[in-house]
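Q: This one is start15.txt, compact mmCIF, C-alpha atoms.
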# COMPACT_ATOMS: atom_id res chain seq x y z
CA SER E 1 93.48 138.22 93.39
CA TYR E 2 92.70 141.93 93.70
CA LEU E 3 94.41 142.25 97.08
CA PRO E 4 98.09 143.14 97.58
CA TRP E 5 100.30 140.05 97.50
CA SER E 6 102.12 141.01 100.71
CA LEU E 7 98.81 141.30 102.57
CA LEU E 8 97.71 137.88 101.35
CA VAL E 9 101.00 136.27 102.35
CA VAL E 10 100.94 137.73 105.86
CA THR E 11 97.25 136.91 106.41
CA TRP E 12 97.40 133.35 105.09
CA THR E 13 100.67 132.55 106.85
CA GLY E 14 99.29 133.89 110.12
CA PHE E 15 96.16 131.80 109.67
CA THR E 16 98.08 128.60 108.91
CA LEU E 17 100.42 129.16 111.87
CA ALA E 18 97.41 129.64 114.17
CA CYS E 19 95.94 126.42 112.80
CA SER E 20 99.22 124.64 113.57
CA VAL E 21 98.71 125.53 117.23
CA LEU E 22 95.02 124.53 117.11
CA ALA E 23 95.94 121.14 115.67
CA VAL E 24 98.18 120.22 118.62
CA LEU E 25 96.21 122.06 121.30
CA PRO E 26 94.32 118.94 122.49
CA LEU E 27 97.67 117.24 123.09
CA ILE E 28 99.01 120.24 124.98
CA ARG E 29 95.86 120.41 127.10
CA ASP E 30 96.17 116.68 127.79
CA GLY E 31 99.39 117.42 129.63
CA ARG E 32 100.74 113.87 129.81
CA ALA E 33 104.37 113.38 128.80
CA GLU E 34 103.50 111.26 125.76
CA ALA E 35 100.92 113.80 124.56
CA LEU E 36 103.39 116.66 124.93
CA ALA E 37 106.01 114.63 123.07
CA LEU E 38 103.60 114.15 120.16
CA ALA E 39 102.81 117.86 120.17
CA ALA E 40 106.54 118.59 120.07
CA ILE E 41 106.92 116.28 117.06
CA PHE E 42 103.94 117.31 114.96
CA GLY E 43 103.72 120.99 115.91
CA PRO E 44 107.04 121.99 114.30
CA LEU E 45 106.21 119.93 111.19
CA LEU E 46 102.99 121.90 110.72
CA VAL E 47 104.68 125.22 111.45
CA ALA E 48 107.42 124.48 108.92
CA VAL E 49 105.00 123.58 106.14
CA SER E 50 102.80 126.57 107.01
CA ALA E 51 105.67 128.87 106.14
CA SER E 52 105.30 127.80 102.50
CA GLY E 53 101.56 128.44 102.48
CA ASN E 54 100.56 124.77 102.46
CA VAL E 55 96.96 124.06 103.47
CA GLU E 56 98.03 121.11 105.66
CA ALA E 57 97.69 122.85 109.04
CA PRO E 58 94.16 124.25 108.50
CA MET E 59 93.06 120.86 107.14
CA ILE E 60 94.50 118.96 110.12
CA ALA E 61 93.07 121.43 112.63
CA LEU E 62 89.64 121.05 111.02
CA LEU E 63 89.84 117.25 111.25
CA VAL E 64 91.18 117.24 114.81
CA TRP E 65 88.32 119.37 116.10
CA THR E 66 85.45 117.80 114.15
CA THR E 67 86.14 114.15 113.32
CA GLY E 68 84.45 112.85 116.46
CA THR E 69 81.39 115.06 116.05
CA ARG E 70 78.41 115.20 113.71
CA LEU E 71 80.46 117.59 111.56
CA GLY E 72 83.11 114.90 111.06
CA PRO E 73 81.82 113.53 107.73
CA ILE E 74 81.56 117.06 106.32
CA ALA E 75 85.09 117.90 107.48
CA ILE E 76 86.43 114.69 105.95
CA GLY E 77 84.70 115.54 102.67
CA VAL E 78 86.26 119.02 102.71
CA ALA E 79 89.71 117.59 103.52
CA ALA E 80 89.33 115.00 100.73
CA SER E 81 88.58 117.82 98.30
CA LEU E 82 91.94 119.35 99.21
CA LYS E 83 94.22 116.30 99.35
CA ILE E 84 92.09 113.25 98.41
CA THR E 85 93.63 110.69 100.78
CA PRO E 86 91.93 112.06 103.95
CA PHE E 87 88.84 110.38 102.51
CA LEU E 88 90.32 107.13 103.86
CA LEU E 89 89.33 108.36 107.32
CA CYS E 90 85.92 107.02 106.26
CA ALA E 91 87.33 103.55 106.85
CA MET E 92 86.40 104.03 110.51
CA TYR E 93 82.79 104.68 109.48
CA VAL E 94 82.66 101.73 107.10
CA GLY E 95 84.26 99.43 109.66
CA ARG E 96 81.58 100.43 112.16
CA ARG E 97 78.85 100.20 109.51
CA GLN E 98 78.05 103.89 109.88
CA TRP E 99 77.04 104.10 106.24
CA GLY E 100 75.33 107.48 106.49
CA ALA E 101 78.47 109.19 107.75
CA ALA E 102 80.60 107.62 105.00
CA LEU E 103 78.03 108.56 102.34
CA LEU E 104 77.84 112.16 103.55
CA ALA E 105 81.63 112.50 103.40
CA GLY E 106 81.56 111.10 99.85
CA ILE E 107 78.84 113.50 98.75
CA VAL E 108 80.66 116.54 100.16
CA ALA E 109 83.94 115.51 98.52
CA SER E 110 82.19 114.83 95.18
CA VAL E 111 80.41 118.19 95.15
CA LEU E 112 83.62 120.04 95.91
CA TRP E 113 85.55 118.02 93.32
CA ALA E 114 82.93 118.50 90.56
CA PRO E 115 84.47 121.75 89.19
CA VAL E 116 87.73 119.87 88.54
CA ALA E 117 86.03 118.32 85.51
CA LEU E 118 86.23 121.75 83.85
CA PHE E 119 90.02 121.76 83.96
CA GLU E 120 92.87 119.63 82.65
CA LEU E 121 94.24 117.34 85.36
CA ALA E 122 97.96 117.18 85.97
CA PRO E 123 99.46 113.68 86.10
CA VAL E 124 100.06 112.17 89.53
CA THR E 125 103.71 112.33 90.52
CA PHE E 126 105.42 109.77 92.73
CA ASP E 127 108.58 111.79 93.18
CA SER E 128 109.39 112.89 96.73
CA GLY E 129 112.37 115.19 96.51
CA GLY E 130 115.19 113.03 95.24
CA ALA E 131 113.41 109.77 96.05
CA ALA E 132 110.89 108.08 93.78
CA ILE E 133 108.07 105.79 94.87
CA ALA E 134 107.11 103.15 92.34
CA PRO E 135 103.40 103.28 91.42
CA TRP E 136 102.99 99.56 92.15
CA ALA E 137 104.49 100.04 95.62
CA TRP E 138 102.09 102.92 96.24
CA LEU E 139 99.13 100.77 95.23
CA VAL E 140 100.24 97.87 97.42
CA LEU E 141 101.03 100.05 100.44
CA GLY E 142 97.91 102.17 100.16
CA GLY E 143 95.68 99.19 99.45
CA ALA E 144 97.06 97.13 102.32
CA ALA E 145 96.77 100.06 104.73
CA THR E 146 93.16 100.65 103.69
CA LEU E 147 92.20 97.00 104.13
CA ALA E 148 93.94 96.94 107.51
CA ALA E 149 92.07 100.08 108.57
CA LEU E 150 88.72 98.52 107.63
CA PHE E 151 89.59 95.38 109.58
CA VAL E 152 90.78 97.27 112.66
CA ALA E 153 87.78 99.62 112.65
CA HIS E 154 85.46 96.61 112.53
CA ARG E 155 87.20 94.29 115.00
CA TYR E 156 88.92 96.81 117.28
CA PRO E 157 86.86 100.03 117.00
CA ARG E 158 88.89 101.72 119.72
CA TYR E 159 91.79 101.93 117.26
CA GLY E 160 89.70 102.58 114.15
CA VAL E 161 90.50 106.28 113.97
CA LEU E 162 94.23 105.67 114.31
CA ALA E 163 94.22 102.91 111.68
CA SER E 164 92.19 105.06 109.28
CA ALA E 165 94.51 108.04 109.78
CA ALA E 166 97.53 105.80 109.16
CA ALA E 167 95.91 104.57 105.93
CA ALA E 168 95.26 108.15 104.86
CA TYR E 169 98.98 108.87 105.27
CA LEU E 170 100.33 105.67 103.72
CA ALA E 171 98.10 106.09 100.66
CA THR E 172 99.73 109.38 99.65
CA PRO E 173 101.78 108.97 96.45
CA ARG E 174 104.54 111.08 97.98
CA LEU E 175 105.28 110.24 101.60
CA TYR E 176 106.26 113.68 102.84
CA LEU E 177 106.89 113.69 106.58
CA TYR E 178 104.48 116.56 107.28
CA ASP E 179 101.59 114.51 105.83
CA SER E 180 101.95 112.21 108.84
CA ALA E 181 100.33 114.97 110.90
CA ILE E 182 96.98 113.44 109.95
CA LEU E 183 97.73 110.99 112.78
CA LEU E 184 96.84 113.86 115.13
CA VAL E 185 93.19 113.11 114.39
CA ALA E 186 93.49 109.96 116.51
CA GLY E 187 94.73 111.98 119.48
CA SER E 188 91.77 114.32 119.59
CA PRO E 189 89.43 113.98 122.59
CA SER E 190 86.51 114.22 120.15
CA THR E 191 87.43 110.83 118.66
CA ASP E 192 86.94 108.97 121.93
CA GLU E 193 85.30 105.69 120.92
CA ALA E 194 82.23 105.87 123.16
CA ARG E 195 81.37 109.42 122.18
CA LEU E 196 82.13 108.84 118.51
CA SER E 197 79.79 105.87 118.29
CA ALA E 198 77.03 107.64 120.20
CA LYS E 199 77.19 110.81 118.14
CA LEU E 200 77.26 109.14 114.74
CA SER E 201 74.81 106.30 115.30
Can you present the structure in this file as structure tokens?
A:
Amino acid sequence: SYLPWSLLVVTWTGFTLACSVLAVLPLIRDGRAEALALAAIFGPLLVAVSASGNVEAPMIALLVWTTGTRLGPIAIGVAASLKITPFLLCAMYVGRRQWGAALLAGIVASVLWAPVALFELAPVTFDSGGAAIAPWAWLVLGGAATLAALFVAHRYPRYGVLASAAAAYLATPRLYLYDSAILLVAGSPSTDEARLSAKLS
């Protein structure tokens, strides 16, 4: 708060734009047509939201590069402290019975959320621009997506990361398009099923 506003804007915007590139870099390096198409879809979404200073791109980049590693639970906890619903990525851990990883993510998120108790919480809004999402519809959609993610992670672990990322998106009270970038986590090489299970077991 003691730094010039213009310096903060330039620095933070530059950082978020760099993170937008980092988030889609695994897809670009993949080189296949479908991977490049996904990068072309999600990259501009992250760049656009970065222009407003949103923390989405740094959060997604963090998750893309760490979810399939031992740092994954910590990264998920940090992301959940920023936007809450990324905590549903833990569905892949619960589905695989990797209780320690899920617990660690919960502890990190709880520690980072603890200071919130000192402040007055704003009410949750379900308005998305001119469209409104009914609270009951949000509960049904988010609940169903979470249950589906748990089932998929348990029965079809290869798709557990994708199902958990989809649940994290569908559980947001306002379905902004840029929030769908959390699906990039499933496209990261670090979330390959064999390596993910070996690293976290």
Q: List the spatial neighbours of Leu177 (chain E) as a list in words - criterion: any atom at most 12 Å away, all atoms listed in the file, same-chain residues fewer than 4 positions off excluded.
A: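 Here the qualifying residues turn out to be Ile41, Phe42, Pro44, Leu45, Leu46, Ala48, Val49, Glu56, Ser128, Gly129, Tyr169, Leu170, Thr172, Ala181, Ile182 and Leu183 of chain E.
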Q: Between CA of Pro73 (chain E) and CA of Ala102 (chain E), what is the spacing in Å?
A: 6.6 Å
Q: Could you tell me how far CA of Arg174 (chain E) lies from CA of Ile76 (chain E), in Å and to one decimal?
A: 20.1 Å
Q: Expressed in Å to a single decimal, how great is the separation between CA of Ser50 (chain E) and CA of Leu7 (chain E)?
A: 15.9 Å
Q: So that all listed atoms of region 46-57 of chain E fit with 3 Å spare on each side, what axis-aligned box centre and edge lengths in Å, to one decimal, would you give as lines of an AutoDock Vina configuration file?
A:
center_x = 102.2
center_y = 125.0
center_z = 107.0
size_x = 16.5
size_y = 13.8
size_z = 15.0
Q: Point out the residue among E:Ala117, E:Ala75, E:Ala40, E:Leu8 with the least atom-to-atom distance to Leu89 (chain E), counting only C-alpha atoms.
A: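 Among the listed residues, E:Ala75 lies closest to Leu89 (chain E).
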Q: In terms of the shortest atom-to-atom distance over all atoms listed in the file, which of E:Val47, E:Leu25, E:Ala37, E:Ala144 is closest to Val64 (chain E)?
A: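 Closest residue, counting all atoms listed in the file: E:Leu25.
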Q: Closest to Trp136 (chain E) among E:Ala171, E:Leu38, E:Leu63, E:Leu103, using all atoms listed in the file?
A: E:Ala171
Q: Please report as CSV every residue of region 78-115 of chain E lying within 10 Å of region 147-161 of chain E, along with the nearest atom pair and their distance in Å (one decimal), using all atoms listed in the file.
A:
residue,atom,partner,partner_atom,distance
E:Leu88,CA,E:Ala149,CA,8.7
E:Leu89,CA,E:Val161,CA,7.1
E:Cys90,CA,E:Val161,CA,9.0
E:Ala91,CA,E:Leu150,CA,5.3
E:Met92,CA,E:Ala153,CA,5.1
E:Tyr93,CA,E:Ala153,CA,7.8
E:Val94,CA,E:Leu150,CA,6.9
E:Gly95,CA,E:His154,CA,4.2
E:Arg96,CA,E:His154,CA,5.5
E:Arg97,CA,E:His154,CA,8.1
